[in-house]
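A.B. asks: Pasting target_3.txt here (compact mmCIF, C-alpha atoms and all ligand atoms):
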```txt
# COMPACT_ATOMS: atom_id res chain seq x y z
CA MET A 1 277.61 -89.58 109.98
CA ASP A 2 279.45 -88.66 113.16
CA LEU A 3 277.02 -88.87 116.08
CA LYS A 4 277.94 -88.63 119.75
CA LEU A 5 276.50 -91.16 122.21
CA ASP A 6 273.80 -88.81 123.55
CA GLN A 7 272.82 -87.91 120.00
CA ILE A 8 272.39 -91.62 119.20
CA TYR A 9 270.12 -91.86 122.26
CA ASP A 10 268.15 -88.82 121.00
CA ARG A 11 267.63 -90.41 117.57
CA LEU A 12 266.47 -93.71 119.12
CA TYR A 13 264.04 -91.82 121.37
CA GLN A 14 262.71 -89.93 118.35
CA SER A 15 262.20 -93.13 116.34
CA ALA A 16 260.14 -94.63 119.16
CA PHE A 17 258.21 -91.40 119.76
CA GLY A 18 257.54 -91.06 116.02
CA LEU A 19 255.93 -94.51 115.97
CA GLY A 20 253.73 -93.51 118.92
CA ILE A 21 252.67 -90.26 117.28
CA ARG A 22 251.27 -92.07 114.27
CA ILE A 23 248.83 -94.06 116.41
CA LEU A 24 247.78 -91.29 118.82
CA PRO A 25 244.51 -89.39 118.27
CA GLY A 26 244.95 -86.54 115.79
CA LYS A 27 241.66 -84.76 116.24
CA GLY A 28 241.87 -80.97 116.20
CA PRO A 29 239.30 -78.44 117.41
CA GLN A 30 236.05 -77.71 115.59
CA VAL A 31 236.52 -74.61 113.46
CA VAL A 32 234.04 -71.76 113.35
CA SER A 33 235.26 -69.16 110.84
CA GLY A 34 234.25 -66.07 108.90
CA ALA A 35 233.70 -62.39 109.68
CA HIS A 36 231.87 -61.94 113.04
CA ALA A 37 232.18 -65.64 113.94
CA LEU A 38 232.86 -64.38 117.49
CA ASN A 39 229.17 -63.66 117.91
CA ARG A 40 228.49 -67.40 117.77
CA ILE A 41 229.99 -68.07 121.21
CA ASN A 42 226.58 -68.11 122.84
CA GLU A 43 225.27 -70.63 120.32
CA ILE A 44 228.26 -72.94 121.03
CA LEU A 45 227.86 -72.66 124.81
CA GLU A 46 224.15 -73.44 124.55
CA LYS A 47 224.85 -76.45 122.35
CA GLU A 48 227.43 -77.70 124.88
CA GLY A 49 225.13 -77.04 127.86
CA LYS A 50 227.53 -74.56 129.51
CA LEU A 51 226.19 -71.74 131.66
CA HIS A 52 229.13 -69.88 133.20
CA PRO A 53 232.23 -69.41 131.04
CA MET A 54 235.48 -68.02 132.41
CA ILE A 55 236.73 -65.48 129.89
CA VAL A 56 240.49 -65.03 129.84
CA THR A 57 242.02 -62.11 127.97
CA GLY A 58 244.42 -59.17 128.22
CA PRO A 59 244.15 -55.44 129.00
CA ARG A 60 244.15 -54.31 125.35
CA ILE A 61 241.42 -56.64 124.13
CA VAL A 62 239.11 -56.07 127.09
CA LYS A 63 238.57 -52.50 125.87
CA SER A 64 237.95 -53.39 122.23
CA GLU A 65 234.55 -52.98 120.64
CA PHE A 66 234.31 -56.57 119.45
CA PHE A 67 235.01 -57.84 122.98
CA VAL A 68 232.41 -55.60 124.62
CA ASN A 69 229.83 -56.61 122.00
CA ALA A 70 230.54 -60.34 122.41
CA CYS A 71 230.29 -60.14 126.22
CA GLY A 72 227.00 -58.30 125.84
CA THR A 73 225.47 -61.45 124.33
CA LEU A 74 226.43 -63.63 127.35
CA LYS A 75 224.04 -64.05 130.26
CA GLU A 76 226.63 -64.91 132.88
CA TYR A 77 230.43 -65.04 132.90
CA SER A 78 233.58 -64.43 134.96
CA LEU A 79 236.37 -62.32 133.54
CA PHE A 80 240.13 -62.33 134.01
CA SER A 81 241.57 -59.58 131.82
CA ASP A 82 245.10 -59.15 133.09
CA VAL A 83 247.17 -61.63 131.10
CA ARG A 84 250.47 -60.04 130.04
CA PRO A 85 252.90 -61.23 127.36
CA ASP A 86 254.85 -64.34 128.42
CA PRO A 87 252.33 -65.28 131.11
CA ASP A 88 253.89 -66.35 134.37
CA THR A 89 252.88 -69.14 136.67
CA LYS A 90 251.42 -66.69 139.24
CA THR A 91 248.94 -65.40 136.65
CA VAL A 92 247.94 -68.95 135.79
CA GLU A 93 247.34 -69.76 139.47
CA LYS A 94 245.11 -66.66 139.82
CA ILE A 95 243.00 -67.73 136.83
CA ALA A 96 242.64 -71.28 138.16
CA ALA A 97 241.64 -69.99 141.63
CA MET A 98 239.05 -67.62 140.16
CA TYR A 99 237.62 -70.39 137.97
CA THR A 100 237.08 -72.60 141.03
CA GLN A 101 235.78 -69.84 143.35
CA GLU A 102 233.28 -68.54 140.83
CA ARG A 103 232.15 -72.03 139.78
CA CYS A 104 232.85 -71.62 136.10
CA ASP A 105 232.14 -74.54 133.79
CA CYS A 106 234.28 -73.78 130.71
CA PHE A 107 236.98 -71.48 129.32
CA VAL A 108 236.77 -68.88 126.57
CA ALA A 109 240.28 -67.55 125.85
CA ILE A 110 240.45 -64.49 123.60
CA GLY A 111 243.75 -63.05 122.40
CA GLY A 112 247.19 -64.03 121.21
CA GLY A 113 249.24 -66.97 122.37
CA SER A 114 249.84 -65.54 125.83
CA ASN A 115 246.14 -65.31 126.70
CA MET A 116 245.31 -68.71 125.28
CA ASP A 117 248.34 -70.36 126.91
CA ALA A 118 247.56 -68.85 130.32
CA ALA A 119 244.01 -70.22 130.12
CA LYS A 120 245.20 -73.62 128.87
CA ALA A 121 247.72 -73.91 131.70
CA ALA A 122 244.95 -72.92 134.15
CA SER A 123 242.74 -75.65 132.68
CA ALA A 124 245.55 -78.13 133.40
CA ARG A 125 245.61 -76.97 137.04
CA ILE A 126 241.81 -77.41 137.23
CA ALA A 127 242.17 -80.94 135.90
CA ARG A 128 245.17 -81.69 138.14
CA PRO A 129 244.93 -79.76 141.43
CA ASP A 130 247.41 -82.31 142.81
CA ARG A 131 250.22 -81.28 140.44
CA THR A 132 252.11 -77.98 140.16
CA LEU A 133 252.64 -76.35 136.79
CA GLN A 134 256.32 -77.18 137.06
CA GLU A 135 255.46 -80.85 137.59
CA MET A 136 253.28 -80.80 134.47
CA GLY A 137 256.05 -79.25 132.34
CA GLY A 138 257.11 -81.61 129.56
CA THR A 139 254.99 -84.14 127.72
CA LEU A 140 251.81 -86.03 128.71
CA LYS A 141 251.85 -85.14 132.40
CA VAL A 142 248.27 -83.83 132.71
CA ARG A 143 246.44 -86.94 131.47
CA ARG A 144 243.03 -85.91 132.84
CA ARG A 145 240.07 -84.34 131.17
CA THR A 146 240.20 -80.52 131.13
CA PRO A 147 237.13 -78.22 130.96
CA LEU A 148 235.52 -77.34 127.61
CA PHE A 149 237.74 -74.77 125.91
CA LEU A 150 236.91 -72.18 123.23
CA ALA A 151 239.97 -70.50 121.73
CA VAL A 152 239.56 -67.21 119.92
CA PRO A 153 242.83 -65.97 118.37
CA THR A 154 243.24 -62.25 117.76
CA THR A 155 246.62 -62.75 116.09
CA ALA A 156 247.46 -65.13 113.25
CA GLY A 157 250.61 -66.87 114.37
CA THR A 158 250.75 -68.72 117.63
CA GLY A 159 248.56 -71.65 116.61
CA SER A 160 247.67 -72.04 120.28
CA GLU A 161 244.02 -72.37 119.25
CA CYS A 162 244.76 -75.86 117.95
CA THR A 163 247.88 -77.03 119.76
CA VAL A 164 248.40 -79.29 122.74
CA ALA A 165 250.92 -76.90 124.32
CA ALA A 166 250.77 -74.14 126.92
CA VAL A 167 253.95 -72.11 127.43
CA VAL A 168 254.45 -70.44 130.81
CA THR A 169 257.33 -68.65 132.53
CA ASP A 170 258.57 -69.06 136.08
CA PRO A 171 258.79 -65.46 137.39
CA GLU A 172 261.65 -66.31 139.80
CA THR A 173 264.01 -68.12 137.44
CA HIS A 174 262.75 -66.66 134.09
CA HIS A 175 262.59 -70.22 132.83
CA LYS A 176 260.03 -70.47 130.04
CA TYR A 177 258.69 -73.99 129.62
CA SER A 178 255.93 -75.85 127.89
CA ILE A 179 253.19 -78.15 129.18
CA ASN A 180 252.27 -80.54 126.36
CA ASP A 181 249.30 -82.86 126.53
CA PHE A 182 246.52 -83.83 124.14
CA VAL A 183 243.92 -82.79 126.73
CA LEU A 184 245.07 -79.17 126.26
CA CYS A 185 243.90 -79.02 122.64
CA PRO A 186 240.95 -76.59 122.54
CA ASP A 187 237.52 -77.97 121.64
CA TYR A 188 236.62 -75.01 119.40
CA ALA A 189 238.72 -72.53 117.41
CA ILE A 190 236.86 -69.39 116.39
CA LEU A 191 238.74 -67.90 113.44
CA ASP A 192 237.19 -64.46 112.98
CA PRO A 193 239.29 -62.19 110.70
CA VAL A 194 237.63 -59.04 112.03
CA LEU A 195 239.44 -59.55 115.36
CA THR A 196 242.87 -59.32 113.75
CA VAL A 197 242.24 -56.13 111.76
CA SER A 198 243.28 -53.78 114.57
CA LEU A 199 246.58 -55.58 115.12
CA PRO A 200 249.45 -53.15 114.39
CA PRO A 201 251.47 -54.02 111.25
CA PHE A 202 254.66 -54.96 113.12
CA LEU A 203 252.75 -57.38 115.37
CA THR A 204 250.95 -58.76 112.33
CA ALA A 205 254.38 -59.41 110.82
CA THR A 206 256.09 -60.98 113.83
CA THR A 207 253.14 -63.22 114.70
CA GLY A 208 252.91 -64.26 111.03
CA MET A 209 256.62 -65.13 111.05
CA ASP A 210 255.95 -67.30 114.11
CA ALA A 211 253.39 -69.24 112.04
CA LEU A 212 255.93 -69.57 109.22
CA THR A 213 258.49 -70.94 111.70
CA HIS A 214 255.96 -73.51 112.95
CA ALA A 215 255.29 -74.69 109.40
CA VAL A 216 258.97 -74.85 108.39
CA GLU A 217 260.20 -76.54 111.58
CA ALA A 218 257.35 -79.08 111.48
CA TYR A 219 258.13 -79.80 107.81
CA LEU A 220 261.78 -80.54 108.65
CA ASN A 221 260.84 -82.94 111.49
CA ARG A 222 260.05 -85.84 109.18
CA PRO A 223 260.25 -88.67 111.76
CA TYR A 224 257.04 -87.34 113.40
CA HIS A 225 255.01 -86.74 110.25
CA ARG A 226 251.56 -88.17 109.94
CA ARG A 227 250.06 -88.56 106.46
CA GLU A 228 248.52 -85.08 106.53
CA THR A 229 251.48 -83.17 108.05
CA PRO A 230 253.55 -82.30 104.94
CA GLY A 231 250.46 -80.93 103.15
CA GLN A 232 249.51 -78.77 106.14
CA CYS A 233 253.04 -77.31 106.25
CA ARG A 234 253.27 -76.67 102.52
CA GLU A 235 249.87 -74.97 102.37
CA ALA A 236 250.66 -72.83 105.41
CA VAL A 237 254.01 -71.72 103.95
CA ARG A 238 252.48 -70.83 100.59
CA ALA A 239 249.64 -68.86 102.19
CA ILE A 240 251.98 -66.97 104.53
CA PHE A 241 254.33 -65.91 101.71
CA ARG A 242 251.31 -64.71 99.76
CA TYR A 243 249.04 -63.15 102.40
CA LEU A 244 251.33 -61.92 105.19
CA PRO A 245 252.76 -59.04 103.12
CA GLU A 246 249.17 -58.12 102.12
CA ALA A 247 247.92 -58.13 105.71
CA PHE A 248 250.97 -56.07 106.69
CA LYS A 249 250.38 -53.46 103.97
CA LYS A 250 246.59 -53.38 104.19
CA PRO A 251 245.45 -54.30 107.71
CA ASP A 252 241.73 -54.28 106.84
CA ASN A 253 242.07 -56.79 104.00
CA LEU A 254 239.70 -59.41 105.44
CA LYS A 255 240.59 -62.01 102.81
CA ALA A 256 244.31 -61.80 103.74
CA ARG A 257 243.44 -61.80 107.46
CA GLN A 258 241.22 -64.90 107.12
CA GLU A 259 243.85 -66.74 105.03
CA MET A 260 246.49 -65.93 107.65
CA LEU A 261 244.24 -67.34 110.38
CA PHE A 262 243.78 -70.54 108.36
CA ALA A 263 247.55 -70.74 107.68
CA SER A 264 248.38 -70.27 111.33
CA PHE A 265 245.82 -72.93 112.24
CA LYS A 266 247.28 -75.44 109.74
CA ALA A 267 250.81 -74.74 110.94
CA GLY A 268 249.55 -75.26 114.50
CA LEU A 269 248.05 -78.64 113.61
CA ALA A 270 251.30 -79.61 111.89
CA PHE A 271 253.58 -78.77 114.79
CA THR A 272 251.23 -80.32 117.32
CA THR A 273 252.12 -83.61 115.66
CA ALA A 274 255.62 -82.95 114.38
CA CYS A 275 256.89 -80.52 117.05
CA VAL A 276 258.96 -77.43 116.45
CA GLY A 277 262.75 -77.38 116.48
CA ASN A 278 265.95 -75.60 117.42
CA VAL A 279 264.62 -72.19 116.31
CA HIS A 280 261.88 -72.40 118.92
CA ALA A 281 264.13 -73.89 121.58
CA ALA A 282 266.47 -70.90 121.22
CA ALA A 283 263.63 -68.36 120.82
CA HIS A 284 262.01 -69.50 124.08
CA THR A 285 265.25 -68.85 125.96
CA ILE A 286 265.57 -65.35 124.42
CA GLY A 287 261.93 -64.63 125.27
CA GLY A 288 262.26 -65.92 128.82
CA MET A 289 265.54 -64.11 129.52
CA TYR A 290 264.93 -60.75 127.81
CA HIS A 291 261.17 -60.62 127.08
CA VAL A 292 261.82 -60.42 123.35
CA PRO A 293 258.46 -61.18 121.67
CA HIS A 294 258.28 -64.80 120.56
CA GLY A 295 257.53 -64.11 116.89
CA LEU A 296 260.32 -61.56 116.66
CA ALA A 297 262.88 -63.97 118.14
CA ASN A 298 261.74 -66.69 115.72
CA ALA A 299 261.88 -64.36 112.72
CA VAL A 300 265.48 -63.43 113.49
CA LEU A 301 266.55 -67.00 114.28
CA LEU A 302 264.84 -68.81 111.40
CA PRO A 303 267.18 -67.84 108.51
CA ILE A 304 270.25 -68.21 110.76
CA VAL A 305 269.35 -71.75 111.85
CA LEU A 306 268.24 -72.86 108.35
CA GLU A 307 271.54 -71.65 106.94
CA ASP A 308 273.38 -73.45 109.73
CA TYR A 309 271.59 -76.74 108.84
CA GLY A 310 273.10 -76.39 105.34
CA LYS A 311 272.95 -79.42 103.04
CA LYS A 312 270.79 -81.41 105.49
CA VAL A 313 267.74 -79.29 104.67
CA GLU A 314 268.35 -78.41 101.03
CA ARG A 315 265.81 -80.81 99.64
CA PRO A 316 262.87 -80.05 101.99
CA LEU A 317 263.45 -76.29 101.73
CA ALA A 318 263.59 -76.59 97.95
CA ASP A 319 260.26 -78.49 98.04
CA LEU A 320 258.69 -75.67 100.04
CA ALA A 321 260.16 -73.01 97.74
CA ARG A 322 258.78 -74.73 94.64
CA PHE A 323 255.36 -75.31 96.18
CA ALA A 324 255.14 -71.64 97.17
CA HIS A 325 256.25 -70.60 93.66
CA ILE A 326 259.16 -68.55 94.94
CA ALA A 327 261.99 -70.34 93.12
CA ALA A 328 262.94 -72.79 90.40
CA GLY A 329 266.24 -74.55 89.71
CA THR A 330 268.39 -77.02 91.63
CA ASP A 331 267.69 -77.98 95.25
CA SER A 332 270.59 -75.91 96.37
CA GLU A 333 269.40 -72.82 94.46
CA CYS A 334 265.81 -73.19 95.65
CA ALA A 335 266.84 -73.69 99.29
CA ALA A 336 269.03 -70.58 99.14
CA ALA A 337 266.16 -68.63 97.57
CA PHE A 338 263.84 -69.82 100.34
CA ILE A 339 266.16 -68.54 103.07
CA GLN A 340 266.69 -65.29 101.17
CA LYS A 341 262.92 -64.85 100.87
CA ILE A 342 262.61 -65.03 104.66
CA ARG A 343 265.36 -62.40 105.03
CA ASP A 344 263.65 -60.19 102.44
CA MET A 345 260.29 -60.44 104.23
CA ASN A 346 261.95 -59.61 107.56
CA ARG A 347 263.53 -56.52 105.99
CA THR A 348 260.20 -55.42 104.48
CA PHE A 349 258.55 -55.73 107.88
CA GLY A 350 261.31 -53.82 109.70
CA ILE A 351 262.43 -56.94 111.60
CA PRO A 352 266.16 -56.70 112.44
CA ASP A 353 268.70 -59.39 111.52
CA HIS A 354 269.97 -59.69 115.10
CA ILE A 355 268.89 -59.16 118.73
CA GLU A 356 270.95 -56.69 120.69
CA LYS A 357 270.00 -57.70 124.23
CA ILE A 358 271.84 -61.02 124.26
CA SER A 359 274.74 -61.03 126.71
CA GLU A 360 277.72 -63.40 126.71
CA ASP A 361 277.19 -63.90 130.47
CA ASP A 362 273.75 -65.49 129.90
CA LEU A 363 274.76 -67.90 127.14
CA ASP A 364 275.48 -70.90 129.39
CA GLN A 365 272.10 -70.69 131.06
CA MET A 366 270.26 -70.10 127.80
CA ALA A 367 272.04 -72.92 125.98
CA SER A 368 271.24 -75.34 128.77
CA TRP A 369 267.52 -74.40 128.67
CA ALA A 370 267.52 -74.79 124.89
CA VAL A 371 269.12 -78.25 125.06
CA GLN A 372 266.64 -79.24 127.75
CA GLU A 373 263.74 -78.24 125.50
CA ALA A 374 265.00 -79.64 122.21
CA ASN A 375 266.65 -82.91 123.17
CA PRO A 376 265.67 -85.66 122.91
CA LEU A 377 262.11 -84.63 121.90
CA TYR A 378 262.53 -82.60 118.69
CA PRO A 379 263.49 -84.73 115.66
CA VAL A 380 265.47 -81.87 114.13
CA PRO A 381 267.70 -82.27 111.06
CA VAL A 382 270.79 -81.43 113.16
CA ILE A 383 270.89 -82.08 116.90
CA TYR A 384 272.42 -79.12 118.73
CA ASP A 385 274.42 -79.58 121.91
CA ARG A 386 275.11 -76.73 124.36
CA GLU A 387 278.10 -75.43 122.42
CA HIS A 388 276.15 -75.44 119.16
CA PHE A 389 273.28 -73.47 120.74
CA LYS A 390 275.81 -71.01 122.14
CA ARG A 391 277.29 -70.50 118.67
CA ILE A 392 273.83 -69.78 117.26
CA LEU A 393 272.94 -67.41 120.12
CA ARG A 394 276.24 -65.58 119.61
CA ARG A 395 275.35 -65.08 115.96
CA VAL A 396 271.86 -63.87 116.86
CA GLY A 397 273.36 -61.40 119.33
CA GLN A 398 276.22 -60.52 116.94
CA LEU A 399 278.63 -61.27 119.77
CA SER A 400 281.25 -62.72 117.48
FE FE A 501 255.92 -70.37 118.05
```
How would this structure read if it were set down as structure tokens?

C.D. replies:
Amino acid sequence: MDLKLDQIYDRLYQSAFGLGIRILPGKGPQVVSGAHALNRINEILEKEGKLHPMIVTGPRIVKSEFFVNACGTLKEYSLFSDVRPDPDTKTVEKIAAMYTQERCDCFVAIGGGSNMDAAKAASARIARPDRTLQEMGGTLKVRRRTPLFLAVPTTAGTGSECTVAAVVTDPETHHKYSINDFVLCPDYAILDPVLTVSLPPFLTATTGMDALTHAVEAYLNRPYHRRETPGQCREAVRAIFRYLPEAFKKPDNLKARQEMLFASFKAGLAFTTACVGNVHAAAHTIGGMYHVPHGLANAVLLPIVLEDYGKKVERPLADLARFAHIAAGTDSECAAAFIQKIRDMNRTFGIPDHIEKISEDDLDQMASWAVQEANPLYPVPVIYDREHFKRILRRVGQLS
């Protein structure tokens, strides 16, 4: 093994962090699932003694029938319905200000990762009015109780309904960063398959590939595994290979939609403990710089990075392939089949094998953001330095 000095530091950090992770609380949100589970919001708020929720969502969902019906059951609420993809810090500040002005007493975030993350970041600002979002970027910098939080995903992918992370973007610098703290884990996750039925097939596919990336990256980060983590990853991978193509082909298949919500939830629980990896670190920079949707960037990067890891990940990828019944044979054959399966799914979904927008001029900046995110925190199979990230980004952009 030929490790540089900073990589030795990273591995020592990860060993210590891994020990800490095993003793930290691992409680996830309470799950309310099934068709029309959304209509149980009122019941939950009553049980929790909450009177004035702040609903956070986006412009598409606010017009949907299910949203209008659900709001009709609430006596009193405030509404922020202008969260856009890759929410910026200004949006988060607006939500936090509205929450305070209108004396809300809890959050209900409805939508994909952007809506949930914007509300989670706002809840961090409510808990810590003395700290800016930038100051809370990183790990365990909120450390104060946040308001009661109900997360209602309308995509099956982000896992934000059960994670401790909120990803926001600085609108001036385009830097996309994550606030990670256990207090940001939602109290309730409402997994209602009816809400995902109207999601267009391509979005179903890219968000589903995001969930797959969570499960695979968490599975490879063995130093941070708790007892339950490998099982959560394996089950999520198997369900995604089985049900994502069905949800893509037949959007109103409620069984496939519900299974995808469960898979995304399990993958979210897994990566909340075990973290994600270099795929996400690179995908966040592509999303921040060019507004490429997160799931799409992950879907393109995942087979490229897994192939780049090579022998280091043969055994775990082979385990996943066998568990998901997609291959048999030697580790090397099964790992290759696993990567090929991801490429095949991408092709079926119309996901390209590269991203055209990447420019050579941006690589330095992007690689430095990626290193900043990944190291020393992510216990990845291969630690990437700036040059390594640049090589990967060049391949993703087909620049060389
Ligand atoms: Fe993700």

A.B. asks: Atom CA of Ile41 of chain A and atom CA of Lys75 of chain A are how many Å apart?

C.D. replies: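 Atom CA of Lys75 of chain A lies at a distance of 11.6 Å from atom CA of Ile41 of chain A.
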
A.B. asks: Residues within 12 Å of ligand FE 501 (chain A) should be enumerated using only C-alpha atoms and all ligand atoms and returned as a VMD selection string.

C.D. replies: chain A and resid 112 to 114 117 156 to 160 163 165 to 167 178 206 to 218 264 to 265 267 to 268 271 to 272 275 to 284 287 293 to 299 301 to 302

A.B. asks: Pick out the closest residue to His52 of chain A from this set: A:Asn39, A:Ser15, A:Thr154, A:Thr100. Count all atoms listed in the file.

C.D. replies: A:Thr100

A.B. asks: Mind checking which residues fall within 12 Å of Leu74 of chain A, counting all atoms listed in the file, ignoring those fewer than 6 positions away in the same chain, and posting them as a list of chain:residue names?

C.D. replies: A:Leu38, A:Asn39, A:Arg40, A:Ile41, A:Asn42, A:Glu43, A:Ile44, A:Leu45, A:Glu46, A:Lys50, A:Leu51, A:His52, A:Pro53, A:Met54, A:Ile55, A:Phe67, A:Val68, A:Val108

A.B. asks: If we count only C-alpha atoms, what is near Ile110 of chain A at a cut-off of 7 Å, once residues fewer than 2 positions away on the same chain are taken out, given as a ChimeraX atom specification?

C.D. replies: /A:56-57,108,115-116,151-154
